[in-house]
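A short worksheet on the structure shown next.
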Amino acid sequence: MSDAPRASSAAPDDQTRWLGLGELGNLLRAGEVSATELARTALGRLDTVGRDLNAVATLTADLAMEQAARADHDLRTGTDRGPLHGIPWGAKDLLATRGIPTTWGAAPFRDQIPGEDAAVVETMAAAGAVLVGKLAMVELAGGFNYDQPDAAWTGPGRNAWDRETWAGGSSSGSGSAVGCGAVPVAIGSETWGSIHTPAALNGITGLRPTYGRVSRRGAMALSWTMDKLGPMARSAEDAWLTLRAIAGPDAADPTSSDRPLPDLPAGTGFRLAVPRGVTDGLDATMTAAFTRAIEALRPLVASIDEVALPDLPWAEAAALIIAAEGASAFQDQIEDGTTRGLSAPEDRYGLYHALTMPASDYIRALRVRGLGMTRMAAAMRGIDALVAPTLPAEAPPIDASFRTAFGGTGGISLGAAGNLCGLPSITVPMGLGARGLPVGIEFLGNPWSEPTLVAIAIAFQSVTGWHLRRPPGMDPTEQR
């Protein structure tokens with residue numbers, strides 16, 4: 001497949017790039033724009049601003065033009081595949097694409113070309129979506145203990161709002177590509193924060209489904225018991241439409257569930273809870289943004305209470321499971337020295353220690369997870385969602401270590417507990433931090449409660465509008 005984009009006939013300031021799926025769909029069905037034109041615009045945007053943000057691994061121009069032409073033909077002849085028909089999208093580069101490089105963000109795997117598509121690549125194609133690019137990511141999904149943004153063969157992921165700050169990981173390219181308006185939707189993956197972090201830092205929506213809701217066939221495995229795939233989009237509504245396209249059972253993925261995905265619930269009777277001490281230690285701007293967000297939510301829900309989260313070693317158990325399963329997944333490459341070719345110096349020896357981890361440690365971590373699931377279910381009984389800042393701070397400088405950038409920040413994160421227990425969650429923008437960069441709010445729910453979480457997020461976005469804000473200076477000439 002060619003990595004060169006087709007010349008775009010669209011104007012550089014083509015405003016279709018900021019429209020949602022519904023608006024784009026209306027234009028397509030009215031014949032005011034074609035899927036081919038949308039694909040060309042997206043390819044051009046990725047090739048300019050996307051590359052400037054280190055968001056692109058491979059442009060899939062030939063495939064995009066083929067899929068777009070098919071989408072246009074289908075609409076002309078009366079076949080409509082639904083809300084994603086003719087919509088350009090980007091895939092995190094750990095999703096296998098037949099005949100197209102799938103590098104996992106890692107230099108040693110740059111020549112890897114799968115023979116089959118991942119399940120979500122197939123389901124997106126079946127929904128009529130047009131794949132325009134493989135999006136950059138932190139090497140091997142961040143599982144080798146990277147401690148700074150420059151941890152991928154594509155270079156450090158740069159934020160759509162300020163290229164001198166981090167885009168977040170490990171779905172960095174997905175976050176900044178959607179954030180800069182290159183694509184309206186992307187598919188990312190999360191083991192522990194890899195959808196939510198880039199979504200929050202780039203001012204977009206990230207939806208992490210319940211473990212098992214979306215098939216992982218054809219996706220790089222880091223942690224078999226914690227990996228999840230989900231949409232990243234400009235709005236909760238667009239994330240929902242994308243989830244509906246990719247959710248469902250897959251006989252080739254025994255961890256996928258056949259549990260139905262219900263429609264969005266109506267009404268305002270949702271019961272929320274804020275973890276006790278959720279803003280302790282956060283800076284004044286972050287605390288104020290969260291306080292305003294809670295006040296905006298009050299008229300939209302039945303109640304907002306306070307709850308104490310179970311006191312368990314969430315982070316320690318999650319880290320141990322990821323290390324043990326990641327070392328197992330990449331044991332051959334660790335032992336034969338392949339991983340010594342990774343970009344970040346700390347990644348080159350990142351999981352050697354995990355090869356000698358006692359099985360008893362791993363089993364204890366699994367027992368913590370089992371206990372945690374029971375206690376979280378008890379704590380959330382009668383609650384539709386826990387609410388907290390997605391991250392304790394806005395995007396750090398592109399050259400800062402994470403220990404420097406995030407060390408000493410306070411608050412209570414739902415990331416470790418939520419991912420360890422396989423719970424669904426959605427993050428949406430809730431304002432700007434002290435340096436004028438996006439910050440997010442997270443809604444964490446009970447298993448299989450994605451429709452409720454999305455409904456809450458849609459209601460929040462309807463009265464706040466933070467998801468409609470655009471990054472400053474998005475013209476390619478201004479970015480460089």
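Letters for chains follow the order of the structure tokens (A, B, ...), residue numbers begin at 1 for each chain, and ligand numbers begin at 1 in the order shown.
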*Find the spatial neighbours of Ala68 in chain A, counting only C-alpha atoms, within a cut-off of 10 Å - ignore same-chain residues fewer than 5 positions away - and output them as a VMD selection string.*
chain A and resid 34 to 40 62 to 63 73 to 74 85 to 88 128 to 132
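Of the residues in range 344-431 of chain A, those given strand (DSSP E) by DSSP on the backbone are Ala385, Leu386, Val387, Ala388, Pro389, Ser425, Ile426, Thr427, Val428, Pro429, Met430 and Gly431 of chain A.
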Can you write out the residues you just picked, keeping C-alpha atoms, as a JSON list (two decimals), in the first residue's frame?
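Written output follows (again.json):
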```json
[["chain", "number", "residue", "atom", "x", "y", "z"],
["A", 385, "ALA", "CA", -21.24, 6.27, 37.86],
["A", 386, "LEU", "CA", -18.28, 7.44, 39.87],
["A", 387, "VAL", "CA", -17.02, 10.87, 38.82],
["A", 388, "ALA", "CA", -13.47, 12.21, 39.08],
["A", 389, "PRO", "CA", -10.89, 14.22, 37.13],
["A", 425, "SER", "CA", -15.50, 4.43, 31.59],
["A", 426, "ILE", "CA", -15.80, 7.53, 29.47],
["A", 427, "THR", "CA", -13.71, 10.71, 29.64],
["A", 428, "VAL", "CA", -14.86, 14.03, 28.19],
["A", 429, "PRO", "CA", -13.39, 17.56, 28.33],
["A", 430, "MET", "CA", -14.37, 19.63, 31.39],
["A", 431, "GLY", "CA", -12.31, 22.79, 30.89]]
```
_Spatial neighbours of Ala200 in chain A, 6 Å, only C-alpha atoms, chain gap at least 4 places, as a ChimeraX atom specification_ = /A:196,439-440
*Just give me the gap between CA of Arg367 in chain A and CA of Ile321 in chain A in Å, one decimal is fine.*
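One can read the CA of Arg367 in chain A to CA of Ile321 in chain A distance as 10.9 Å.
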*Can you list, as a VMD selection string, every protein, DNA or RNA residue that comes within 10 Å of Phe144 in chain A when you count only C-alpha atoms, leaving out same-chain residues fewer than 5 positions away?*
chain A and resid 138 to 139 151 222 322 to 323 326 to 327 339 342 344 346 to 352
I'd like a table as a tab-separated table: residues in range 312-401 of chain A with an atom no more than 8 Å from range 157-176 of chain A, each row giving the shortest atom pair and its distance in Å to one decimal, only C-alpha atoms counted, sorted by chain and rising residue number.
```
residue	atom	partner	partner_atom	distance
A:Ala395	CA	A:Trp166	CA	5.6
A:Pro396	CA	A:Thr165	CA	5.4
A:Pro397	CA	A:Thr165	CA	4.2
A:Ile398	CA	A:Thr165	CA	4.4
A:Asp399	CA	A:Thr165	CA	7.9
```
*Hey, what does DSSP flag as alpha helix (DSSP H) within range 33-222 of chain A? Can you give it to me as a ChimeraX atom specification?*
/A:35-45,51-52,61-76,119-126,172-179,196-201
